[in-house]
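S.K.: Right, I'll just put the structure down here and ask away after.
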Number of protein chains: 2
Amino acid sequence: MSKVTGRARFADDLSFHGMLFASTVYSQHPHARIKKVDMSKAMDIPEVLAVITPDDVPGSNGVMRGFLVLAGEKVKYVGDGVALVVAKSETAARKGRDAVVVDYEPLPPVLSIDDALKSGASLVHEDKEDNIISKSRYQLKKGDLERGFAEADFIVERTYETQFVAHAYIEPEVVIAVPDFNQEFMTIYGSIQNPFSARAAVAAALGWSVGQVKIVQNAVGGTFGGKDECAILNACRAAIASIKTHRPVKLSLSREESMVEGPKRHPYRFNFKVGVKKDGSILAMKSELIAQGGAYNNKAQFTNWRASIHATGPYNIPNIETRVFGVYTNTIYGGAMRGFSSPQCIFAQESLMDEIAQELDMDPLELRRKNALSPGHTLPDGQLLGEGGLPAPLPDIIDNTARKFKYSKPAQPQEGSVKKGIGIACGFRGAGLGAEAGADATGAIVTVQSDGSITIVSGLTDNGQGLKVAFSQIVAEVLGVSLDRIVYPTTDTSIIPDGGPTVASRGVMIGGRAMEKAALEVKKKILVVAGEILQLDPEKLTIENEEIFSPDNPEKRVSYMDVVSRAYATGQMLAALSWFSTGVPEFDYETGQGKSYPTYSWGMVITEVEVDTETGLVKVNRALSTHDVGTAINPAAIKGQVYGGYVMGQGMAVLEDIEQANGFVKSKNFDEYLIPTAMDIPDIDVLIVETGDTYGPFGGKSVGEPGTEMAAASVANAIAQATGRRIRNLPCNLERVFLGYNLTRQGTAR
Amino acid sequence: MSKVTGRARFADDLSFHGMLFASTVYSQHPHARIKKVDMSKAMDIPEVLAVITPDDVPGSNGVMRGFLVLAGEKVKYVGDGVALVVAKSETAARKGRDAVVVDYEPLPPVLSIDDALKSGASLVHEDKEDNIISKSRYQLKKGDLERGFAEADFIVERTYETQFVAHAYIEPEVVIAVPDFNQEFMTIYGSIQNPFSARAAVAAALGWSVGQVKIVQNAVGGTFGGKDECAILNACRAAIASIKTHRPVKLSLSREESMVEGPKRHPYRFNFKVGVKKDGSILAMKSELIAQGGAYNNKAQFTNWRASIHATGPYNIPNIETRVFGVYTNTIYGGAMRGFSSPQCIFAQESLMDEIAQELDMDPLELRRKNALSPGHTLPDGQLLGEGGLPAPLPDIIDNTARKFKYSKPAQPQEGSVKKGIGIACGFRGAGLGAEAGADATGAIVTVQSDGSITIVSGLTDNGQGLKVAFSQIVAEVLGVSLDRIVYPTTDTSIIPDGGPTVASRGVMIGGRAMEKAALEVKKKILVVAGEILQLDPEKLTIENEEIFSPDNPEKRVSYMDVVSRAYATGQMLAALSWFSTGVPEFDYETGQGKSYPTYSWGMVITEVEVDTETGLVKVNRALSTHDVGTAINPAAIKGQVYGGYVMGQGMAVLEDIEQANGFVKSKNFDEYLIPTAMDIPDIDVLIVETGDTYGPFGGKSVGEPGTEMAAASVANAIAQATGRRIRNLPCNLERVFLGYNLTRQGTAR
């Protein structure tokens with residue numbers, strides 16, 4: 001609301017007395033040794049107060065998975081920070097940055113997956129044996145792959161590739177470090193997705209206890225998973241500058257800096273070998289996935305685990321072997337981004353499904369309907385679906401989505417240069433962090449205040465996805481009070497135990513369960529006090545519309561406010577700190593078998609496009625996005641998530657691509673990095689399916705990531721269907737669509 | 001520590017971007033109707049941005065017990081705020097303040113207890129029937145008073161009076177209101193003793209929910225009970241100014257403003273009638289106590305309740321009748337101050353004991369020893385002492401203190417103009433808020449962080465009395481970890497449920513119990529995780545020196561940090577929000593009988609003075625202050641409290657007095673309001689007595705207030721003993737001592 005009215009205060013709107021400004025000196029090479037940093041010219045600039053190098057880091061320079069606050073010995077990509085200039089104005093800081101002279105010894109850069117795997121390739125991390133990210137290897141084995149291939153009527157082999165995609169949030173990274181009383185405490189204000197990770201990193205960089213660092217998350221102008229490592233490193237830099245100068249320090253990235261330094265969606269290469277029966281049954285699938293991690297093992301170790309579970313799609317394939325790994329390159333690095341490897345997997349997997357259908361000359365919808373995971377089947381990880389197992393709504397979703405969309409395959413060939421195409425993508429998504437993180441757990445505090453208002457605190461953060469509203473609704477519902485009693489303060493790490501990151505669609509699922517649990521504990525306390533007033537057994541009482549009564553004897557009742565007053569007068573606390581944990585799931589990392597995720601969301605998207613074969617232009621006409629959300633806690637918010645998510649997938653499908661040349665980023669701003677505009681957005685319809693899943697709060701499941709993950713695949717499939725030409729590497733941009741249609745004979749563009 | 005090194009940041013050290021300054025227009029009459037406020041000249045000053053009157057209060061103007069944020073219709077004392085001027089600089093704000101023209105219609109002022117009770121007196125509060133503070137009436141009845149008098153050998157009747165005393169903190173009141181994102185939240189930084197009361201008042205003044213207001217307590221330059229109502233009203237004014245201007249607003253009181261506006265120690269008048277046997281037994285005591293509340297019923301309703309329980313001293317008096325009430329006057333008002341009516345009561349009561357001893361020609365020590373409450377006796381409220389009841393260490397305390405001091409009554413008469421005197425005072429003090437507040441309850445949060453540091457949060461505040469250290473010690477002790485793991489962040493009302501005010505020596509007693517409870521809950525969780533690692537029953541485990549093991553099998557052990565790591569890896573929360581409540585005590589307000597306090601602290605002070613009868617100058621030579629502290633958690637901190645407390649009592653005895661003339665304050669700064677300096681401080685010895693009281697955490701009891709409450713009485717008794725002249729109204733200043741000695745014949749000065 002405050003964002004709509006313009007009243008929201010973003011980190012860049014904040015200013016503190018005596019605040020200084022910092023600017024990072026970035027690497028000028030994708031791969032080089034640092035020989036010398038000469039800061040003398042920078043220090044000559046009158047307003048420059050300090051130049052900070054790795055020697056100034058009071059605690060640990062290595063604060064997260066191989067990242068350094070500032071690079072000291074060598075640079076591994078052009079976004080590495082080498083030094084930090086602190087000045088009285090932002091202009092002077094940038095001037096100072098440009099005046100720092102760094103002497104480099106360039107090294108041969110590793111720029112692609114192929115480069116990385118080449119024998120004799122230079123090493124991105126010299127303390128490793130090769131360029132493979134060892135922690136990012138996963139495998140899943142189900143059934144007997146060789147028998148599956150032997151029993152198949154034919155084999156399909158395909159390779160697909162995806163690109164680096166930017167989060168393209170409106171607001172680039174901004175952090176402000178404010179030293180507190182006595183310089184014993186540090187508060188970081190910022191556009192930071194995961195305050196607890198940030199707190200740990202800043203404390204490590206300063207050599208302090210985490211309790212001495214407080215992260216206050218400001219209104220966030222979008223994150224989509226991206227305001228994480230880069231924001232955190234910048235928070236560490238600002239904190240160090242603040243300790244060194246005894247002043248608040250702001251570090252605000254320009255769009256260009258944000259594009260170069262920040263994480264991106266990982267590119268993946270998918271090699272598939274599939275054994276298929278003539279009736280369309282898929283018997284066996286072997287997949288090899290290679291993620292391009294970039295300069296750091298940032299999230300490949302996590303996105304790859306998710307990919308290992310999801311690579312073969314929501315289909316009943318009895319024999320599976322999936323291997324995944326990531327590689328280091330001297331390029332921008334991959335990170336968390338809405339969908340977390342699923343958009344890549346679904347693009348590849350669903351392109352593959354269409355290509356199998358083509359081989360079979362079968363309607364793509366029919367092929368999916370035939371193979372869809374259904375009650376009685378088991379998931380790739382071996383979990384049972386249907387009775388006694390997890391919900392399996394995909395067959396119904398396929399039928400209902402097709403009916404609502406009025407799906408029919410356009411007749412081929414089409415007249416004229418503008419061709420219409422309809423593309424389908426199905427998907428499933430494990431909810432939460434799953435076995436990737438061990439236990440998935442977070443806390444919540446619910447406090448009834450003396451004036452009857454209710455403060456709720458979550459360790460998870462509202463990054464614009466609407467957690468605030470969902471949590472408020474959950475608490476108001478449990479306590480039977482008006483929604484406007486709920487006060488949700490800005491997230492502050494000193495209020496609540498570390499609840500892990502706000503990622504992986506765990507917000508409502510895990511955070512909501514913790515919130516529900518805390519509210520239930522508070523409800524119990526309210527009923528005890530009400531029982532004292534009414535002289536009734538609290539177990540028999542209920543709350544509705546701010547009145548507490550026993551359904552047996554509804555005449556005798558007491559108001560919520562009277563209960564609150566009595567509780568305060570008699571020294572009874574109406575507050576609870578609760579914790580929800582999935583526990584450590586049973587999972588075998590050798591075979592990928594076990595309880596990978598506690599439950600799954602299911603969905604399907606159908607997209608209709610028009611392709612102008614004379615220009616390569618793709619116009620997305622309309623789409624229907626169907627999502628199993630368990631219970632729809634806030635239908636308007638769900639639709640909002642799906643609209644935005646779809647457009648993000650559409651951008652990935654046809655426009656977005658970070659162009660790099662020799663390790664240097666070319667598309668640094670939105671003049672070159674194109675994202676969909678309001679003019680490109682199609683008519684998007686949302687079909688919400690409620691499956692009565694009992695896992696989330698009130699049965700709610702996540703939709704933030706499912707909303708985006710099937711869109712690119714459906715658009716790519718629609719283009720292939722319209723043109724009869726398959727593009728196997730994203731994006732399906734103008735050139736690829738035009739050239740693919742006009743220059744290729746085999747119907748396959750590359 | 002940070003205060004000693006000069007690194008502590010007080011509220012006045014803080015500055016915020018765009019910060020404005022406010023200044024309050026104070027009343028120019030002790031009692032007057034406001035006819036008109038003309039702000040035009042103030043608004044003409046270029047830097048003045050706003051003049052705020054009661055019409056600008058968005059919520060409620062009446063935020064606390066009769067106080068108004070700004071007076072609208074009439075002023076009741078010279079510290080009432082009439083308007084608030086907001087400007088870009090402090091100088092302009094003060095200039096603006098002086099330019100506001102208020103047209104008053106003066107009313108006859110009520111200036112003393114006698115004025116207040118006169119028939120036909122004007123009414124301080126026109127909505128009341130008279131000037132008696134109706135809520136401040138209490139009585140206590142024990143035994144049969146008339147029979148007691150009848151059985152007595154003689155009757156003693158005496159009247160004593162005390163003065164207005166200032167807290168004289170180094171730092172006057174400062175508040176800064178900072179509007180948060182969207183103006184939906186407000187943070188108040190300040191030197192505020194009771195953040196939760198402040199939060200409630202500011203929220204009421206703004207018309208907001210309490211959760212929208214956050215109070216951050218800065219380093220406090222002393223409060224002693226005083227940084228309360230005045231600081232809170234100023235916080236409300238700053239908040240309103242901030243909402244009106246959309247800017248941070250600072251309101252910083254000068255020493256003169258602080259002396260005039262702020263609360264003071266209440267003056268009391270004591271009328272005693274005592275029935276005594278020739279052997280020294282006190283059979284009956286009737287007391288009437290009248291408190292001068294000043295312009296508001298601020299704390300008289302609470303100090304009077306405490307006085308009703310303590311008025312007859314720590315003596316075994318079978319027949320008691322005590323009546324207490326307070327009156328309104330058009331003067332500065334009474335508030336909480338270290339001791340909370342006890343220093344007044346003990347001065348009166350212990351003067352009376354000496355006068356009874358004089359009548360009996362008995363050593364004052366012997367009289368006290370004879371009547372001291374001992375095991376088997378009952379307290380004034382009827383509670384049993386000794387076996388099966390509360391500890392009763394007073395007889396031992398008297399013996400041990402006399403022995404350690406080498407007490408003997410100086411021979412009389414003394415030669416020369418400088419006379420030596422030794423004065424005794426005994427005291428007892430109910431711990432915590434007692435039945436005054438219903439239940440006494442507060443919360444604590446203890447969180448083990450991923451790096452092993454432990455964050456502890458209390459709803460109570462460290463106002464310099466050392467709660468931080470005591471709480472840290474309690475938690476480190478319970479968890480068996482090193483003290484330097486404990487992190488104690490600045491108090492912040494948004495972190496923890498409202499735990500009531502930090503007053504009445506409840507800090508360690510109540511807050512410490514909550515802290516201990518939270519630490520014990522966390523310990524249980526640590527032992528569960530350790531049990532998983534060690535494969536042992538958690539119930540059998542213990543923690544010592546950061547290692548967990550079973551005493552049966554001490555070889556098998558696991559380190560604290562390994563347990564923390566496992567807890568985080570497996571999603572187990574090592575945190576607890578706990579609540580400690582005394583429950584609502586059984587107490588009969590008609591008779592004052594019941595469980596007034598859960599336990600009592602006992603003590604005794606002996607002071608030696610030299611009085612120069614030619615000048616009236618009193619030199620305090622040495623003192624011994626004995627305190628039953630239950631268990632001495634931090635002996636150094638206890639001694640620190642007693643040293644400071646004694647000197648505060650010494651100031652009350654011989655120097656301090658707020659001079660008022662016709663309702664105007666004359667002694668507004670330390671040139672006229674004299675407090676003891678380093679040169680005046682005697683040799684103070686502290687005798688710590690441990691009684692094994694089980695009530696507080698590890699048996700700890702409060703000492704912050706006992707440390708001050710007996711000192712003034714002992715000094716006054718020493719002066720009387722030296723000079724042979726009794727001064728019955730404090731302070732025993734130069735004039736009273738000199739004139740009392742040289743001009744009175746009866747040995748009684750007035």
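Ordered as shown in the structure tokens, chains take letters A, B, and onward, while each chain numbers its residues from 1 and ligands are numbered from 1 in the order shown.
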May I have all residues of region 170-382 of chain B that DSSP, computed from the backbone, assigns to alpha helix (DSSP H), given as a ChimeraX atom specification?
M.R.: /B:195-206,229-245,255-261,300-310,342-360,364-371
S.K.: Quick one: superpose chain A on chain B on all Cα atoms, same order, and give the RMSD.
M.R.: 0.1 Å
S.K.: Please provide the set of residues having any atom within 8 Å of region 183-188 of chain A, restricted to only C-alpha atoms, with same-chain residues fewer than 2 positions apart removed, written as a list in words.
M.R.: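 Final neighbour list, sorted by chain and number: Val175, Ile176, Ala177, Val178, Pro179, Asp180, Phe181, Gly190, Gln212, Val213, Lys214, Ile215, Val216, Ala235, Ala239, Ile243 and His246 of chain A; Pro489 of chain B.
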S.K.: From the list A:Val249, A:Ile34, A:Val457, A:Ala152, which residue is nearest chain B when using only C-alpha atoms?
M.R.: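 When distances to chain B are compared using only C-alpha atoms, the smallest one comes from A:Val457.
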S.K.: Would you pick out the contacts of region 618-628 of chain B at 7 Å or less, using only C-alpha atoms, so that residues sharing its chain but fewer than 6 positions from it are not included, and give the list as a PyMOL selection string?
M.R.: chain B and resi 401+405+601-612+682-691
S.K.: Excluding Arg33 (chain B) and any residue of its chain fewer than 4 positions from it, enumerate the residues within 7 Å of it, using only C-alpha atoms, and give them as number ranges by chain.
M.R.: B: 73-75, 104-106
S.K.: Write out as a VMD selection string which residues come within 12 Å of Ala200 (chain B) when counting only C-alpha atoms, dropping same-chain ones fewer than 4 positions away.
M.R.: (chain A and resid 449 to 453) or (chain B and resid 59 to 60 62 to 64 194 to 196 204 to 215 229 232 to 233 235 to 236 493 498 500 to 501)
S.K.: With N, CA and C atoms kept, could you save the residues just selected as a tab-separated table (two decimals), in the first residue's frame?
M.R.:
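Generated file (again-v1.tsv):
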```tsv
chain	number	residue	atom	x	y	z
A	449	GLN	N	-0.73	-6.79	22.89
A	449	GLN	CA	-0.33	-5.62	23.67
A	449	GLN	C	-1.47	-5.15	24.56
A	450	SER	N	-1.12	-4.25	25.48
A	450	SER	CA	-2.13	-3.82	26.46
A	450	SER	C	-3.30	-3.09	25.81
A	451	ASP	N	-3.09	-2.48	24.65
A	451	ASP	CA	-4.20	-1.80	23.98
A	451	ASP	C	-4.96	-2.72	23.04
A	452	GLY	N	-4.65	-4.01	23.07
A	452	GLY	CA	-5.38	-4.97	22.24
A	452	GLY	C	-4.78	-5.16	20.87
A	453	SER	N	-3.83	-4.32	20.51
A	453	SER	CA	-3.17	-4.54	19.22
A	453	SER	C	-2.27	-5.76	19.36
B	59	GLY	N	-4.13	12.21	18.92
B	59	GLY	CA	-4.84	11.20	19.71
B	59	GLY	C	-5.41	11.83	20.95
B	60	SER	N	-4.97	11.30	22.10
B	60	SER	CA	-5.51	11.77	23.36
B	60	SER	C	-4.52	12.72	24.02
B	62	GLY	N	-4.79	13.60	27.22
B	62	GLY	CA	-4.61	13.06	28.57
B	62	GLY	C	-4.04	11.66	28.48
B	63	VAL	N	-2.74	11.53	28.65
B	63	VAL	CA	-2.10	10.25	28.37
B	63	VAL	C	-1.75	9.44	29.62
B	64	MET	N	-1.78	10.06	30.78
B	64	MET	CA	-1.35	9.39	32.03
B	64	MET	C	-1.99	10.10	33.19
B	194	ASN	N	11.18	4.14	31.88
B	194	ASN	CA	10.20	3.08	31.71
B	194	ASN	C	9.65	3.05	30.29
B	195	PRO	N	10.36	2.35	29.41
B	195	PRO	CA	10.02	2.39	27.99
B	195	PRO	C	8.58	1.96	27.69
B	196	PHE	N	8.07	1.00	28.45
B	196	PHE	CA	6.72	0.54	28.12
B	196	PHE	C	5.65	1.57	28.46
B	204	ALA	N	-0.93	6.58	22.67
B	204	ALA	CA	-2.21	7.24	22.99
B	204	ALA	C	-2.24	8.66	22.44
B	205	ALA	N	-1.13	9.38	22.61
B	205	ALA	CA	-1.09	10.77	22.12
B	205	ALA	C	-1.22	10.83	20.60
B	206	LEU	N	-0.65	9.83	19.93
B	206	LEU	CA	-0.73	9.81	18.46
B	206	LEU	C	-2.02	9.16	17.97
B	207	GLY	N	-2.70	8.45	18.86
B	207	GLY	CA	-3.89	7.69	18.43
B	207	GLY	C	-3.50	6.45	17.65
B	208	TRP	N	-2.36	5.86	17.98
B	208	TRP	CA	-1.85	4.70	17.27
B	208	TRP	C	-1.92	3.45	18.17
B	209	SER	N	-1.62	2.30	17.57
B	209	SER	CA	-1.42	1.07	18.35
B	209	SER	C	-0.04	1.12	18.99
B	210	VAL	N	0.08	0.51	20.16
B	210	VAL	CA	1.39	0.55	20.84
B	210	VAL	C	2.48	-0.09	20.00
B	211	GLY	N	2.12	-1.09	19.20
B	211	GLY	CA	3.13	-1.76	18.39
B	211	GLY	C	3.72	-0.85	17.33
B	212	GLN	N	3.08	0.27	17.08
B	212	GLN	CA	3.62	1.19	16.07
B	212	GLN	C	4.67	2.14	16.67
B	213	VAL	N	4.79	2.09	17.97
B	213	VAL	CA	5.73	2.98	18.64
B	213	VAL	C	6.83	2.15	19.27
B	214	LYS	N	8.05	2.57	19.08
B	214	LYS	CA	9.17	1.83	19.62
B	214	LYS	C	9.99	2.80	20.45
B	215	ILE	N	10.31	2.39	21.67
B	215	ILE	CA	11.13	3.24	22.53
B	215	ILE	C	12.51	2.60	22.62
B	229	GLU	N	7.54	10.43	34.13
B	229	GLU	CA	6.41	11.20	33.59
B	229	GLU	C	6.88	12.38	32.74
B	232	ILE	N	8.28	11.22	29.60
B	232	ILE	CA	7.22	10.67	28.75
B	232	ILE	C	6.40	11.77	28.11
B	233	LEU	N	6.04	12.79	28.88
B	233	LEU	CA	5.29	13.91	28.28
B	233	LEU	C	6.11	14.56	27.18
B	235	ALA	N	8.35	13.06	25.41
B	235	ALA	CA	8.35	12.12	24.27
B	235	ALA	C	7.06	12.30	23.46
B	236	CYS	N	5.94	12.48	24.14
B	236	CYS	CA	4.67	12.69	23.43
B	236	CYS	C	4.73	13.98	22.61
B	493	THR	N	11.42	-1.65	23.03
B	493	THR	CA	10.09	-2.17	23.38
B	493	THR	C	9.48	-3.07	22.34
B	498	ASP	N	5.55	-6.23	27.16
B	498	ASP	CA	5.54	-5.22	28.21
B	498	ASP	C	5.81	-5.88	29.55
B	500	GLY	N	6.38	-4.10	32.41
B	500	GLY	CA	6.20	-3.16	33.51
B	500	GLY	C	7.43	-2.29	33.69
B	501	PRO	N	7.36	-1.41	34.67
B	501	PRO	CA	8.43	-0.44	34.86
B	501	PRO	C	9.63	-0.99	35.63
```
S.K.: Could you check how far CA of Glu151 (chain A) sits from CA of Ile346 (chain A), in Å to one decimal?
M.R.: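 These two atoms are separated by 26.0 Å.
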S.K.: What is the distance, in Å and to one decimal place, between CA of Gly594 (chain B) and CA of Ser374 (chain B)?
M.R.: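 CA of Ser374 (chain B) lies at a distance of 18.4 Å from CA of Gly594 (chain B).
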S.K.: Point out the residue among A:Arg338, A:Ile633, A:Phe21, A:Asn662 with the least atom-to-atom distance to Asp115 (chain A), counting only C-alpha atoms.
M.R.: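 Nearest candidate to Asp115 (chain A) out of A:Arg338, A:Ile633, A:Phe21, A:Asn662: A:Asn662.
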S.K.: Work out how far CA of Arg557 (chain A) is from CA of Glu544 (chain A), in Å to one decimal.
M.R.: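 Here the two named atoms are 10.6 Å from each other.
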S.K.: Give the answer as one residue: which of B:Thr723, B:Gln217, B:Thr329, B:Ser112 has the shortest atom-to-atom distance to chain A, using only C-alpha atoms?
M.R.: B:Gln217
S.K.: Using only C-alpha atoms, which residues sit within 8 Å of Phe664 (chain A) once same-chain residues fewer than 5 positions away are excluded, as a PDB file with N, CA and C atoms, in the first residue's frame?
M.R.:
```pdb
ATOM      1  N   HIS A  29      39.590  -6.958 -14.715  1.00  0.00           N
ATOM      2  CA  HIS A  29      39.868  -8.181 -15.472  1.00  0.00           C
ATOM      3  C   HIS A  29      38.980  -9.301 -14.969  1.00  0.00           C
ATOM      4  N   PRO A  30      38.590 -10.220 -15.870  1.00  0.00           N
ATOM      5  CA  PRO A  30      37.818 -11.370 -15.393  1.00  0.00           C
ATOM      6  C   PRO A  30      38.678 -12.333 -14.575  1.00  0.00           C
ATOM      7  N   VAL A  78      34.739  -9.847 -13.081  1.00  0.00           N
ATOM      8  CA  VAL A  78      34.805  -8.385 -13.134  1.00  0.00           C
ATOM      9  C   VAL A  78      33.986  -7.711 -12.043  1.00  0.00           C
ATOM     10  N   THR A 331      33.239 -15.579 -14.755  1.00  0.00           N
ATOM     11  CA  THR A 331      32.137 -14.749 -15.241  1.00  0.00           C
ATOM     12  C   THR A 331      31.307 -14.323 -14.041  1.00  0.00           C
TER      13      THR A 331
END
```
S.K.: Quick one: of B:Ala518, B:Ala348, B:Ala295, B:Ala238, who's nearest to chain A, counting only C-alpha atoms?
M.R.: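 Of all the options, B:Ala518 lies closest to chain A.
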S.K.: Kindly indicate which residue among A:Cys426, A:Leu534, A:Leu433, A:Val156 lies nearest to chain B, using only C-alpha atoms for the distances.
M.R.: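 That would be A:Leu433, the residue with the smallest distance to chain B.
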